[in-house]
>>> print(open('data35.cif').read())   # mmCIF, N, CA and C atoms
data_start
loop_
_atom_site.label_atom_id
_atom_site.label_comp_id
_atom_site.auth_asym_id
_atom_site.auth_seq_id
_atom_site.Cartn_x
_atom_site.Cartn_y
_atom_site.Cartn_z
N MET L 30 17.72 25.75 -29.21
CA MET L 30 16.49 25.54 -28.47
C MET L 30 15.80 24.28 -29.00
N PRO L 31 15.47 23.31 -28.13
CA PRO L 31 14.82 22.07 -28.58
C PRO L 31 13.42 22.33 -29.12
N LEU L 32 13.02 21.51 -30.07
CA LEU L 32 11.70 21.60 -30.68
C LEU L 32 10.69 20.87 -29.79
N ASP L 33 9.60 21.55 -29.43
CA ASP L 33 8.56 20.97 -28.58
C ASP L 33 7.46 20.40 -29.47
N LEU L 34 7.33 19.07 -29.50
CA LEU L 34 6.33 18.41 -30.33
C LEU L 34 5.06 18.03 -29.57
N SER L 35 4.93 18.44 -28.32
CA SER L 35 3.79 18.01 -27.51
C SER L 35 2.46 18.45 -28.12
N GLY L 36 2.40 19.61 -28.76
CA GLY L 36 1.16 20.07 -29.39
C GLY L 36 0.75 19.16 -30.53
N ILE L 37 1.72 18.72 -31.34
CA ILE L 37 1.44 17.82 -32.45
C ILE L 37 0.99 16.46 -31.91
N THR L 38 1.65 16.01 -30.85
CA THR L 38 1.27 14.73 -30.24
C THR L 38 -0.19 14.74 -29.81
N HIS L 39 -0.61 15.78 -29.12
CA HIS L 39 -2.02 15.87 -28.67
C HIS L 39 -2.96 15.97 -29.86
N LEU L 40 -2.59 16.72 -30.90
CA LEU L 40 -3.44 16.86 -32.08
C LEU L 40 -3.66 15.51 -32.74
N VAL L 41 -2.59 14.76 -32.99
CA VAL L 41 -2.70 13.46 -33.64
C VAL L 41 -3.49 12.48 -32.76
N GLN L 42 -3.20 12.45 -31.46
CA GLN L 42 -3.90 11.52 -30.58
C GLN L 42 -5.39 11.84 -30.50
N ASP L 43 -5.76 13.11 -30.63
CA ASP L 43 -7.18 13.48 -30.61
C ASP L 43 -7.90 13.09 -31.89
N LEU L 44 -7.19 12.83 -32.98
CA LEU L 44 -7.81 12.45 -34.25
C LEU L 44 -8.12 10.96 -34.35
N ILE L 45 -7.52 10.16 -33.50
CA ILE L 45 -7.68 8.70 -33.60
C ILE L 45 -8.96 8.26 -32.86
N PRO L 46 -9.79 7.45 -33.53
CA PRO L 46 -10.96 6.88 -32.84
C PRO L 46 -10.51 5.71 -31.96
N TRP L 47 -10.18 5.99 -30.72
CA TRP L 47 -9.59 4.99 -29.83
C TRP L 47 -10.59 3.93 -29.42
N ASP L 48 -10.14 2.69 -29.39
CA ASP L 48 -10.85 1.58 -28.78
C ASP L 48 -10.23 1.36 -27.41
N THR L 49 -10.75 0.41 -26.65
CA THR L 49 -10.15 0.06 -25.36
C THR L 49 -9.42 -1.27 -25.55
N VAL L 50 -8.12 -1.26 -25.26
CA VAL L 50 -7.30 -2.45 -25.44
C VAL L 50 -6.66 -2.85 -24.12
N ARG L 51 -6.27 -4.11 -24.06
CA ARG L 51 -5.53 -4.62 -22.91
C ARG L 51 -4.25 -5.25 -23.43
N ILE L 52 -3.14 -4.92 -22.79
CA ILE L 52 -1.87 -5.58 -23.05
C ILE L 52 -1.54 -6.36 -21.79
N ALA L 53 -1.30 -7.66 -21.94
CA ALA L 53 -1.07 -8.51 -20.77
C ALA L 53 0.01 -9.54 -21.07
N ASN L 54 0.69 -9.96 -20.02
CA ASN L 54 1.59 -11.09 -20.13
C ASN L 54 0.73 -12.34 -20.16
N PRO L 55 1.09 -13.35 -20.95
CA PRO L 55 0.28 -14.57 -21.00
C PRO L 55 0.14 -15.20 -19.61
N ALA L 56 -1.01 -15.82 -19.37
CA ALA L 56 -1.25 -16.50 -18.10
C ALA L 56 -0.27 -17.65 -17.94
N VAL L 57 0.18 -17.85 -16.72
CA VAL L 57 1.13 -18.92 -16.44
C VAL L 57 0.37 -20.06 -15.76
N GLY L 58 0.52 -21.25 -16.27
CA GLY L 58 -0.12 -22.41 -15.67
C GLY L 58 -1.23 -22.98 -16.53
N GLU L 59 -1.73 -24.09 -16.09
CA GLU L 59 -2.80 -24.80 -16.80
C GLU L 59 -4.16 -24.35 -16.30
N PRO L 60 -5.22 -24.55 -17.10
CA PRO L 60 -6.56 -24.21 -16.62
C PRO L 60 -6.95 -25.08 -15.43
N VAL L 61 -7.77 -24.51 -14.54
CA VAL L 61 -8.21 -25.20 -13.33
C VAL L 61 -9.72 -25.37 -13.39
N PHE L 62 -10.21 -26.54 -12.98
CA PHE L 62 -11.64 -26.81 -13.01
C PHE L 62 -12.35 -26.01 -11.92
N ASP L 63 -13.40 -25.28 -12.31
CA ASP L 63 -14.23 -24.51 -11.37
C ASP L 63 -15.52 -25.30 -11.15
N PRO L 64 -15.71 -25.91 -9.97
CA PRO L 64 -16.89 -26.73 -9.74
C PRO L 64 -18.20 -25.93 -9.74
N ASP L 65 -18.13 -24.63 -9.47
CA ASP L 65 -19.34 -23.81 -9.47
C ASP L 65 -19.91 -23.62 -10.87
N THR L 66 -19.03 -23.48 -11.85
CA THR L 66 -19.49 -23.25 -13.22
C THR L 66 -19.42 -24.51 -14.08
N GLY L 67 -18.61 -25.48 -13.64
CA GLY L 67 -18.41 -26.69 -14.43
C GLY L 67 -17.48 -26.48 -15.61
N LEU L 68 -16.74 -25.36 -15.60
CA LEU L 68 -15.83 -25.04 -16.69
C LEU L 68 -14.39 -24.99 -16.19
N TYR L 69 -13.47 -25.14 -17.13
CA TYR L 69 -12.06 -24.93 -16.81
C TYR L 69 -11.76 -23.45 -16.95
N VAL L 70 -11.04 -22.89 -16.00
CA VAL L 70 -10.75 -21.46 -15.96
C VAL L 70 -9.24 -21.27 -16.04
N TRP L 71 -8.82 -20.39 -16.95
CA TRP L 71 -7.40 -20.08 -17.06
C TRP L 71 -6.97 -19.19 -15.92
N PRO L 72 -5.72 -19.28 -15.48
CA PRO L 72 -5.23 -18.36 -14.45
C PRO L 72 -5.31 -16.92 -14.96
N GLU L 73 -5.35 -15.98 -14.04
CA GLU L 73 -5.43 -14.57 -14.40
C GLU L 73 -4.17 -14.13 -15.14
N GLN L 74 -4.37 -13.28 -16.13
CA GLN L 74 -3.23 -12.70 -16.84
C GLN L 74 -2.67 -11.55 -16.01
N ASP L 75 -1.39 -11.28 -16.21
CA ASP L 75 -0.74 -10.13 -15.60
C ASP L 75 -0.96 -8.94 -16.53
N ILE L 76 -1.91 -8.06 -16.19
CA ILE L 76 -2.27 -6.94 -17.05
C ILE L 76 -1.22 -5.83 -16.93
N VAL L 77 -0.67 -5.44 -18.08
CA VAL L 77 0.37 -4.41 -18.14
C VAL L 77 -0.25 -3.05 -18.44
N TYR L 78 -1.28 -3.03 -19.31
CA TYR L 78 -1.91 -1.77 -19.71
C TYR L 78 -3.35 -2.06 -20.12
N GLU L 79 -4.24 -1.17 -19.75
CA GLU L 79 -5.62 -1.24 -20.20
C GLU L 79 -6.07 0.19 -20.43
N GLY L 80 -6.40 0.52 -21.67
CA GLY L 80 -6.78 1.88 -21.99
C GLY L 80 -6.89 2.09 -23.48
N ASP L 81 -6.67 3.33 -23.92
CA ASP L 81 -6.81 3.68 -25.33
C ASP L 81 -5.84 2.91 -26.21
N GLY L 82 -6.35 2.46 -27.35
CA GLY L 82 -5.52 1.76 -28.32
C GLY L 82 -6.29 1.60 -29.61
N ALA L 83 -5.58 1.31 -30.68
CA ALA L 83 -6.20 1.07 -31.98
C ALA L 83 -5.42 -0.03 -32.68
N VAL L 84 -6.14 -0.99 -33.26
CA VAL L 84 -5.52 -2.08 -34.01
C VAL L 84 -5.78 -1.81 -35.48
N GLN L 85 -4.71 -1.80 -36.26
CA GLN L 85 -4.79 -1.50 -37.69
C GLN L 85 -4.04 -2.56 -38.49
N PRO L 86 -4.53 -2.88 -39.71
CA PRO L 86 -3.72 -3.75 -40.57
C PRO L 86 -2.41 -3.04 -40.88
N ALA L 87 -1.35 -3.79 -41.06
CA ALA L 87 -0.04 -3.19 -41.31
C ALA L 87 0.16 -2.81 -42.77
N GLY L 88 -0.86 -3.01 -43.59
CA GLY L 88 -0.77 -2.58 -44.98
C GLY L 88 -0.26 -3.62 -45.94
N THR L 89 0.05 -4.81 -45.44
CA THR L 89 0.49 -5.89 -46.32
C THR L 89 -0.36 -7.11 -46.06
N ALA L 90 -0.47 -7.95 -47.06
CA ALA L 90 -1.28 -9.16 -46.92
C ALA L 90 -0.63 -10.14 -45.96
N ALA L 91 -1.46 -11.04 -45.41
CA ALA L 91 -0.93 -12.09 -44.54
C ALA L 91 0.00 -12.98 -45.36
N GLU L 92 0.96 -13.57 -44.70
CA GLU L 92 1.90 -14.46 -45.38
C GLU L 92 1.88 -15.80 -44.69
N VAL L 93 2.28 -16.84 -45.40
CA VAL L 93 2.36 -18.16 -44.81
C VAL L 93 3.79 -18.38 -44.33
N VAL L 94 3.91 -18.79 -43.07
CA VAL L 94 5.21 -19.04 -42.48
C VAL L 94 5.36 -20.55 -42.31
N ALA L 95 6.36 -21.10 -42.96
CA ALA L 95 6.57 -22.54 -42.85
C ALA L 95 8.00 -22.89 -43.23
N THR L 96 8.49 -23.95 -42.65
CA THR L 96 9.78 -24.49 -43.03
C THR L 96 9.51 -25.55 -44.11
N PRO L 97 10.20 -25.50 -45.24
CA PRO L 97 9.89 -26.46 -46.31
C PRO L 97 10.35 -27.88 -45.97
N ASP L 98 9.49 -28.62 -45.27
CA ASP L 98 9.80 -29.98 -44.89
C ASP L 98 8.48 -30.73 -44.75
N ALA L 99 8.27 -31.72 -45.59
CA ALA L 99 7.00 -32.44 -45.60
C ALA L 99 6.79 -33.29 -44.35
N ASN L 100 7.83 -33.53 -43.57
CA ASN L 100 7.71 -34.40 -42.40
C ASN L 100 7.46 -33.66 -41.10
N LEU L 101 7.18 -32.37 -41.16
CA LEU L 101 6.92 -31.62 -39.94
C LEU L 101 5.59 -32.02 -39.32
N PRO L 102 5.50 -32.03 -37.98
CA PRO L 102 4.26 -32.44 -37.33
C PRO L 102 3.20 -31.34 -37.26
N TRP L 103 3.42 -30.21 -37.87
CA TRP L 103 2.43 -29.15 -37.86
C TRP L 103 2.26 -28.61 -39.28
N ILE L 104 1.15 -27.91 -39.49
CA ILE L 104 0.89 -27.33 -40.81
C ILE L 104 1.34 -25.87 -40.82
N PRO L 105 1.60 -25.32 -41.99
CA PRO L 105 1.98 -23.91 -42.06
C PRO L 105 0.89 -23.02 -41.46
N GLU L 106 1.29 -21.93 -40.85
CA GLU L 106 0.35 -21.01 -40.24
C GLU L 106 0.53 -19.63 -40.86
N THR L 107 -0.57 -18.93 -41.05
CA THR L 107 -0.45 -17.59 -41.61
C THR L 107 0.07 -16.64 -40.54
N ARG L 108 0.75 -15.61 -40.97
CA ARG L 108 1.18 -14.53 -40.08
C ARG L 108 0.37 -13.31 -40.50
N SER L 109 -0.47 -12.83 -39.60
CA SER L 109 -1.34 -11.70 -39.89
C SER L 109 -0.67 -10.43 -39.41
N LYS L 110 -0.31 -9.58 -40.34
CA LYS L 110 0.44 -8.38 -40.00
C LYS L 110 -0.50 -7.25 -39.59
N TYR L 111 -0.41 -6.87 -38.33
CA TYR L 111 -1.18 -5.76 -37.78
C TYR L 111 -0.23 -4.87 -36.98
N ARG L 112 -0.73 -3.73 -36.58
CA ARG L 112 0.03 -2.87 -35.68
C ARG L 112 -0.93 -2.32 -34.63
N LEU L 113 -0.40 -2.16 -33.44
CA LEU L 113 -1.14 -1.59 -32.32
C LEU L 113 -0.66 -0.17 -32.11
N LEU L 114 -1.59 0.77 -32.06
CA LEU L 114 -1.27 2.16 -31.76
C LEU L 114 -1.74 2.45 -30.35
N THR L 115 -0.89 3.04 -29.55
CA THR L 115 -1.26 3.46 -28.20
C THR L 115 -0.69 4.86 -27.96
N PRO L 116 -1.26 5.60 -27.02
CA PRO L 116 -0.70 6.92 -26.70
C PRO L 116 0.71 6.77 -26.12
N LEU L 117 1.49 7.82 -26.23
CA LEU L 117 2.85 7.78 -25.67
C LEU L 117 2.84 7.56 -24.16
N ALA L 118 1.74 7.92 -23.50
CA ALA L 118 1.66 7.72 -22.05
C ALA L 118 1.53 6.24 -21.67
N ALA L 119 1.14 5.39 -22.63
CA ALA L 119 1.02 3.95 -22.36
C ALA L 119 2.42 3.35 -22.25
N PRO L 120 2.58 2.33 -21.41
CA PRO L 120 3.90 1.70 -21.31
C PRO L 120 4.25 0.97 -22.60
N PRO L 121 5.51 0.93 -22.98
CA PRO L 121 5.91 0.16 -24.17
C PRO L 121 5.62 -1.32 -23.95
N ALA L 122 5.08 -1.95 -24.98
CA ALA L 122 4.83 -3.39 -24.90
C ALA L 122 6.15 -4.13 -25.06
N GLU L 123 6.21 -5.33 -24.50
CA GLU L 123 7.38 -6.19 -24.65
C GLU L 123 7.02 -7.32 -25.62
N LYS L 124 8.02 -8.00 -26.12
CA LYS L 124 7.81 -9.10 -27.05
C LYS L 124 6.97 -10.20 -26.40
N ASP L 125 6.05 -10.77 -27.18
CA ASP L 125 5.21 -11.92 -26.82
C ASP L 125 4.12 -11.61 -25.79
N GLN L 126 3.79 -10.35 -25.58
CA GLN L 126 2.62 -10.03 -24.75
C GLN L 126 1.36 -10.18 -25.59
N LEU L 127 0.22 -10.32 -24.93
CA LEU L 127 -1.05 -10.50 -25.63
C LEU L 127 -1.84 -9.19 -25.63
N VAL L 128 -2.42 -8.89 -26.78
CA VAL L 128 -3.24 -7.69 -26.96
C VAL L 128 -4.67 -8.14 -27.24
N THR L 129 -5.62 -7.57 -26.51
CA THR L 129 -7.03 -7.88 -26.68
C THR L 129 -7.80 -6.58 -26.79
N VAL L 130 -8.75 -6.51 -27.73
CA VAL L 130 -9.64 -5.36 -27.83
C VAL L 130 -10.84 -5.65 -26.93
N LEU L 131 -11.03 -4.81 -25.91
CA LEU L 131 -12.12 -5.01 -24.94
C LEU L 131 -13.39 -4.28 -25.33
N ALA L 132 -13.26 -3.12 -25.96
CA ALA L 132 -14.42 -2.32 -26.36
C ALA L 132 -14.03 -1.50 -27.58
N ILE L 133 -14.99 -1.24 -28.45
CA ILE L 133 -14.71 -0.46 -29.64
C ILE L 133 -15.43 0.88 -29.58
N HIS L 134 -14.91 1.85 -30.33
CA HIS L 134 -15.53 3.17 -30.40
C HIS L 134 -16.85 3.08 -31.18
N ASN L 135 -17.71 4.08 -31.06
CA ASN L 135 -18.98 4.12 -31.79
C ASN L 135 -18.71 4.02 -33.29
N GLY L 136 -19.37 3.07 -33.93
CA GLY L 136 -19.18 2.86 -35.36
C GLY L 136 -17.97 2.02 -35.70
N GLY L 137 -17.28 1.49 -34.69
CA GLY L 137 -16.09 0.68 -34.92
C GLY L 137 -16.43 -0.72 -35.41
N ASP L 138 -15.41 -1.49 -35.73
CA ASP L 138 -15.56 -2.83 -36.29
C ASP L 138 -15.76 -3.86 -35.18
N LEU L 139 -16.96 -4.43 -35.12
CA LEU L 139 -17.28 -5.42 -34.08
C LEU L 139 -16.42 -6.68 -34.20
N ALA L 140 -15.84 -6.92 -35.36
CA ALA L 140 -15.01 -8.12 -35.55
C ALA L 140 -13.73 -8.07 -34.73
N LEU L 141 -13.38 -6.91 -34.19
CA LEU L 141 -12.18 -6.81 -33.34
C LEU L 141 -12.40 -7.48 -31.98
N LEU L 142 -13.64 -7.50 -31.52
CA LEU L 142 -13.94 -8.04 -30.19
C LEU L 142 -13.71 -9.55 -30.16
N GLY L 143 -13.03 -10.01 -29.13
CA GLY L 143 -12.79 -11.44 -28.95
C GLY L 143 -11.54 -11.96 -29.61
N ARG L 144 -10.87 -11.14 -30.40
CA ARG L 144 -9.62 -11.57 -31.03
C ARG L 144 -8.45 -11.20 -30.13
N GLN L 145 -7.35 -11.91 -30.33
CA GLN L 145 -6.13 -11.59 -29.61
C GLN L 145 -4.98 -11.53 -30.60
N TRP L 146 -3.99 -10.72 -30.25
CA TRP L 146 -2.78 -10.58 -31.03
C TRP L 146 -1.60 -10.75 -30.10
N ARG L 147 -0.47 -11.22 -30.65
CA ARG L 147 0.76 -11.36 -29.88
C ARG L 147 1.74 -10.32 -30.41
N THR L 148 2.39 -9.60 -29.49
CA THR L 148 3.36 -8.60 -29.90
C THR L 148 4.58 -9.30 -30.50
N GLN L 149 5.03 -8.82 -31.64
CA GLN L 149 6.14 -9.44 -32.35
C GLN L 149 7.50 -8.95 -31.85
N ASP L 150 7.53 -7.72 -31.41
CA ASP L 150 8.75 -7.07 -30.94
C ASP L 150 8.36 -6.07 -29.86
N PRO L 151 9.31 -5.53 -29.14
CA PRO L 151 8.98 -4.44 -28.22
C PRO L 151 8.42 -3.25 -29.01
N SER L 152 7.64 -2.40 -28.35
CA SER L 152 7.09 -1.21 -29.00
C SER L 152 8.22 -0.37 -29.59
N GLY L 153 7.92 0.24 -30.71
CA GLY L 153 8.90 1.10 -31.35
C GLY L 153 9.15 2.36 -30.54
N ALA L 154 10.29 2.95 -30.74
CA ALA L 154 10.64 4.21 -30.09
C ALA L 154 11.44 5.03 -31.10
N ALA L 155 11.29 6.35 -31.04
CA ALA L 155 12.00 7.21 -31.98
C ALA L 155 12.17 8.59 -31.36
N THR L 156 13.06 9.35 -31.91
CA THR L 156 13.31 10.70 -31.42
C THR L 156 12.09 11.59 -31.62
N MET L 157 11.47 11.49 -32.79
CA MET L 157 10.28 12.29 -33.06
C MET L 157 9.11 11.35 -33.34
N THR L 158 8.25 11.19 -32.37
CA THR L 158 7.10 10.31 -32.52
C THR L 158 5.91 10.90 -31.79
N VAL L 159 4.71 10.57 -32.25
CA VAL L 159 3.50 11.09 -31.61
C VAL L 159 2.60 9.96 -31.11
N LEU L 160 2.90 8.71 -31.49
CA LEU L 160 2.15 7.54 -31.05
C LEU L 160 3.13 6.41 -30.79
N ARG L 161 2.74 5.49 -29.92
CA ARG L 161 3.53 4.28 -29.71
C ARG L 161 3.01 3.24 -30.69
N VAL L 162 3.89 2.65 -31.51
CA VAL L 162 3.51 1.66 -32.52
C VAL L 162 4.17 0.34 -32.18
N THR L 163 3.35 -0.73 -32.18
CA THR L 163 3.84 -2.07 -31.85
C THR L 163 3.38 -3.04 -32.93
N ALA L 164 4.31 -3.82 -33.49
CA ALA L 164 3.97 -4.85 -34.47
C ALA L 164 3.30 -6.01 -33.75
N ILE L 165 2.15 -6.45 -34.26
CA ILE L 165 1.41 -7.56 -33.63
C ILE L 165 0.99 -8.56 -34.70
N ASP L 166 0.80 -9.81 -34.27
CA ASP L 166 0.39 -10.91 -35.14
C ASP L 166 -0.84 -11.54 -34.51
N GLN L 167 -1.88 -11.75 -35.31
CA GLN L 167 -3.12 -12.30 -34.75
C GLN L 167 -2.91 -13.73 -34.28
N VAL L 168 -3.39 -14.02 -33.08
CA VAL L 168 -3.37 -15.38 -32.53
C VAL L 168 -4.49 -16.14 -33.23
N GLN L 169 -4.15 -17.25 -33.84
CA GLN L 169 -5.13 -17.97 -34.67
C GLN L 169 -6.20 -18.67 -33.85
N GLN L 170 -5.87 -19.13 -32.65
CA GLN L 170 -6.86 -19.78 -31.79
C GLN L 170 -6.97 -18.94 -30.53
N THR L 171 -8.08 -18.21 -30.40
CA THR L 171 -8.24 -17.23 -29.34
C THR L 171 -9.17 -17.75 -28.27
N ARG L 172 -8.80 -17.49 -27.01
CA ARG L 172 -9.70 -17.82 -25.90
C ARG L 172 -10.73 -16.72 -25.77
N GLU L 173 -11.79 -17.00 -25.08
CA GLU L 173 -12.87 -16.04 -24.88
C GLU L 173 -12.40 -14.86 -24.05
N VAL L 174 -12.85 -13.65 -24.42
CA VAL L 174 -12.51 -12.43 -23.67
C VAL L 174 -13.27 -12.44 -22.35
N PRO L 175 -12.59 -12.18 -21.21
CA PRO L 175 -13.30 -12.19 -19.93
C PRO L 175 -14.22 -10.99 -19.80
#
>>> encode(input="data35.cif", output="structure tokens")
Amino acid sequence: MPLDLSGITHLVQDLIPWDTVRIANPAVGEPVFDPDTGLYVWPEQDIVYEGDGAVQPAGTAAEVVATPDANLPWIPETRSKYRLLTPLAAPPAEKDQLVTVLAIHNGGDLALLGRQWRTQDPSGAATMTVLRVTAIDQVQQTREVP
């Protein structure tokens, strides 16, 4: 007889203080000038998921990623190790999608708002799991949240 873990899944998901997150494919194309606002506007992102989520540090310090070559045209960039938690009902994220925190739970960290992360790999999957876990890296230069 198979083991039914649905009760544990609901218990764990009810314990998490969920924020509202968006997972989207990056916008395709260049920004377009909007004469009404006088600003350049990015094309709309293809939203894959918008709902419950939690962004957590992955438990290790940021690391510097660089190729040891003094003649490179760019400087080393830190890799910020985070993980995105979503309910199992959320679709699995794919590599290189963008994650944005749209709203935080009462008492949550306001510093999450306006930041973006890029998914490092597809969402994890396992035989016995109660949450969807996705490795994410903070985007160092973030556009404004719509």
>>> resolve_selection(input="data35.cif", expression="the PyMOL selection byres (((chain L and resi 159-169 and name CA) around 8) and name CA)", output="JSON, numbers by chain")
{"L": [34, 37, 38, 39, 41, 42, 108, 109, 110, 111, 112, 113, 114, 115, 116, 117, 119, 121, 122, 144, 145, 146, 147, 148, 149, 150, 151, 152, 153, 154, 157, 158, 170, 171]}
>>> atom_distance(input="data35.cif", atom1="atom C of L:Asp125", atom2="atom C of L:Val50")
14.0 Å
>>> closest_residue(input="data35.cif", among="L:Tyr78, L:Tyr69, L:Trp47, L:Phe62", to="L:Ile133", atoms="all atoms listed in the file")
L:Trp47
>>> residues_around(input="data35.cif", residues="L:Val130", least_positions_apart="4", cutoff="8 Å", atoms="all atoms listed in the file", output="JSON, numbers by chain")
{"L": [48, 49, 50, 51, 52, 82, 84, 141, 142, 143, 144, 145, 146, 174]}
>>> write_last_selection(input="data35.cif", atoms="N, CA and C atoms", output="tab-separated table (two decimals), keeping the file's coordinate frame")
chain	number	residue	atom	x	y	z
L	48	ASP	N	-10.14	2.69	-29.39
L	48	ASP	CA	-10.85	1.58	-28.78
L	48	ASP	C	-10.23	1.36	-27.41
L	49	THR	N	-10.75	0.41	-26.65
L	49	THR	CA	-10.15	0.06	-25.36
L	49	THR	C	-9.42	-1.27	-25.55
L	50	VAL	N	-8.12	-1.26	-25.26
L	50	VAL	CA	-7.30	-2.45	-25.44
L	50	VAL	C	-6.66	-2.85	-24.12
L	51	ARG	N	-6.27	-4.11	-24.06
L	51	ARG	CA	-5.53	-4.62	-22.91
L	51	ARG	C	-4.25	-5.25	-23.43
L	52	ILE	N	-3.14	-4.92	-22.79
L	52	ILE	CA	-1.87	-5.58	-23.05
L	52	ILE	C	-1.54	-6.36	-21.79
L	82	GLY	N	-6.35	2.46	-27.35
L	82	GLY	CA	-5.52	1.76	-28.32
L	82	GLY	C	-6.29	1.60	-29.61
L	84	VAL	N	-6.14	-0.99	-33.26
L	84	VAL	CA	-5.52	-2.08	-34.01
L	84	VAL	C	-5.78	-1.81	-35.48
L	141	LEU	N	-13.38	-6.91	-34.19
L	141	LEU	CA	-12.18	-6.81	-33.34
L	141	LEU	C	-12.40	-7.48	-31.98
L	142	LEU	N	-13.64	-7.50	-31.52
L	142	LEU	CA	-13.94	-8.04	-30.19
L	142	LEU	C	-13.71	-9.55	-30.16
L	143	GLY	N	-13.03	-10.01	-29.13
L	143	GLY	CA	-12.79	-11.44	-28.95
L	143	GLY	C	-11.54	-11.96	-29.61
L	144	ARG	N	-10.87	-11.14	-30.40
L	144	ARG	CA	-9.62	-11.57	-31.03
L	144	ARG	C	-8.45	-11.20	-30.13
L	145	GLN	N	-7.35	-11.91	-30.33
L	145	GLN	CA	-6.13	-11.59	-29.61
L	145	GLN	C	-4.98	-11.53	-30.60
L	146	TRP	N	-3.99	-10.72	-30.25
L	146	TRP	CA	-2.78	-10.58	-31.03
L	146	TRP	C	-1.60	-10.75	-30.10
L	174	VAL	N	-12.85	-13.65	-24.42
L	174	VAL	CA	-12.51	-12.43	-23.67
L	174	VAL	C	-13.27	-12.44	-22.35
>>> select_by_dssp(input="data35.cif", residues="chain L", states="strand (DSSP E or B)", output="ChimeraX atom specification")
/L:48-54,61-63,68-70,75-86,92-94,106-108,110-115,127-132,145-148,161-167
>>> atom_distance(input="data35.cif", atom1="atom N of L:Val77", atom2="atom C of L:Val128")
10.4 Å
>>> atom_distance(input="data35.cif", atom1="atom CA of L:Ala56", atom2="atom CA of L:Pro120")
19.2 Å
>>> select_by_dssp(input="data35.cif", residues="stretch 31-174 of chain L", states="helix (DSSP H, G or I)", output="list in words")
Ser35, Gly36, Ile37, Thr38, His39, Leu40, Val41, Gln42, Asp43, Leu44, Leu139, Ala140 and Leu141 of chain L
>>> closest_residue(input="data35.cif", among="L:Ala155, L:Ala87, L:Leu40, L:Leu127", to="L:Ala53", atoms="only C-alpha atoms")
L:Leu127
>>> decode(input="data35.cif", residues="stretch 107-118 of chain L", atoms="N, CA, C and O atoms", output="PDB file, in the first residue's frame")
ATOM      1  N   THR L 107      29.454  38.741  -7.627  1.00  0.00           N
ATOM      2  CA  THR L 107      29.117  37.790  -6.576  1.00  0.00           C
ATOM      3  C   THR L 107      27.957  36.925  -7.018  1.00  0.00           C
ATOM      4  O   THR L 107      27.116  37.337  -7.813  1.00  0.00           O
ATOM      5  N   ARG L 108      27.897  35.723  -6.507  1.00  0.00           N
ATOM      6  CA  ARG L 108      26.757  34.832  -6.719  1.00  0.00           C
ATOM      7  C   ARG L 108      26.075  34.714  -5.369  1.00  0.00           C
ATOM      8  O   ARG L 108      26.666  34.237  -4.421  1.00  0.00           O
ATOM      9  N   SER L 109      24.843  35.191  -5.291  1.00  0.00           N
ATOM     10  CA  SER L 109      24.092  35.188  -4.043  1.00  0.00           C
ATOM     11  C   SER L 109      23.230  33.940  -3.995  1.00  0.00           C
ATOM     12  O   SER L 109      22.308  33.797  -4.781  1.00  0.00           O
ATOM     13  N   LYS L 110      23.533  33.060  -3.079  1.00  0.00           N
ATOM     14  CA  LYS L 110      22.842  31.780  -3.015  1.00  0.00           C
ATOM     15  C   LYS L 110      21.553  31.901  -2.206  1.00  0.00           C
ATOM     16  O   LYS L 110      21.580  32.154  -1.011  1.00  0.00           O
ATOM     17  N   TYR L 111      20.440  31.739  -2.891  1.00  0.00           N
ATOM     18  CA  TYR L 111      19.118  31.744  -2.271  1.00  0.00           C
ATOM     19  C   TYR L 111      18.343  30.543  -2.783  1.00  0.00           C
ATOM     20  O   TYR L 111      18.757  29.879  -3.728  1.00  0.00           O
ATOM     21  N   ARG L 112      17.202  30.301  -2.172  1.00  0.00           N
ATOM     22  CA  ARG L 112      16.298  29.275  -2.686  1.00  0.00           C
ATOM     23  C   ARG L 112      14.877  29.821  -2.609  1.00  0.00           C
ATOM     24  O   ARG L 112      14.518  30.574  -1.706  1.00  0.00           O
ATOM     25  N   LEU L 113      14.093  29.426  -3.588  1.00  0.00           N
ATOM     26  CA  LEU L 113      12.681  29.793  -3.664  1.00  0.00           C
ATOM     27  C   LEU L 113      11.864  28.582  -3.256  1.00  0.00           C
ATOM     28  O   LEU L 113      12.068  27.482  -3.788  1.00  0.00           O
ATOM     29  N   LEU L 114      10.957  28.773  -2.313  1.00  0.00           N
ATOM     30  CA  LEU L 114      10.030  27.726  -1.904  1.00  0.00           C
ATOM     31  C   LEU L 114       8.661  28.073  -2.465  1.00  0.00           C
ATOM     32  O   LEU L 114       8.211  29.215  -2.329  1.00  0.00           O
ATOM     33  N   THR L 115       8.019  27.122  -3.099  1.00  0.00           N
ATOM     34  CA  THR L 115       6.652  27.304  -3.586  1.00  0.00           C
ATOM     35  C   THR L 115       5.860  26.038  -3.260  1.00  0.00           C
ATOM     36  O   THR L 115       6.441  24.969  -3.073  1.00  0.00           O
ATOM     37  N   PRO L 116       4.535  26.152  -3.198  1.00  0.00           N
ATOM     38  CA  PRO L 116       3.718  24.958  -2.968  1.00  0.00           C
ATOM     39  C   PRO L 116       3.867  23.977  -4.130  1.00  0.00           C
ATOM     40  O   PRO L 116       4.213  24.368  -5.248  1.00  0.00           O
ATOM     41  N   LEU L 117       3.595  22.722  -3.870  1.00  0.00           N
ATOM     42  CA  LEU L 117       3.682  21.715  -4.938  1.00  0.00           C
ATOM     43  C   LEU L 117       2.705  21.999  -6.073  1.00  0.00           C
ATOM     44  O   LEU L 117       2.926  21.573  -7.200  1.00  0.00           O
ATOM     45  N   ALA L 118       1.624  22.734  -5.775  1.00  0.00           N
ATOM     46  CA  ALA L 118       0.648  23.061  -6.815  1.00  0.00           C
ATOM     47  C   ALA L 118       1.200  24.076  -7.826  1.00  0.00           C
ATOM     48  O   ALA L 118       0.687  24.203  -8.930  1.00  0.00           O
TER      49      ALA L 118
END
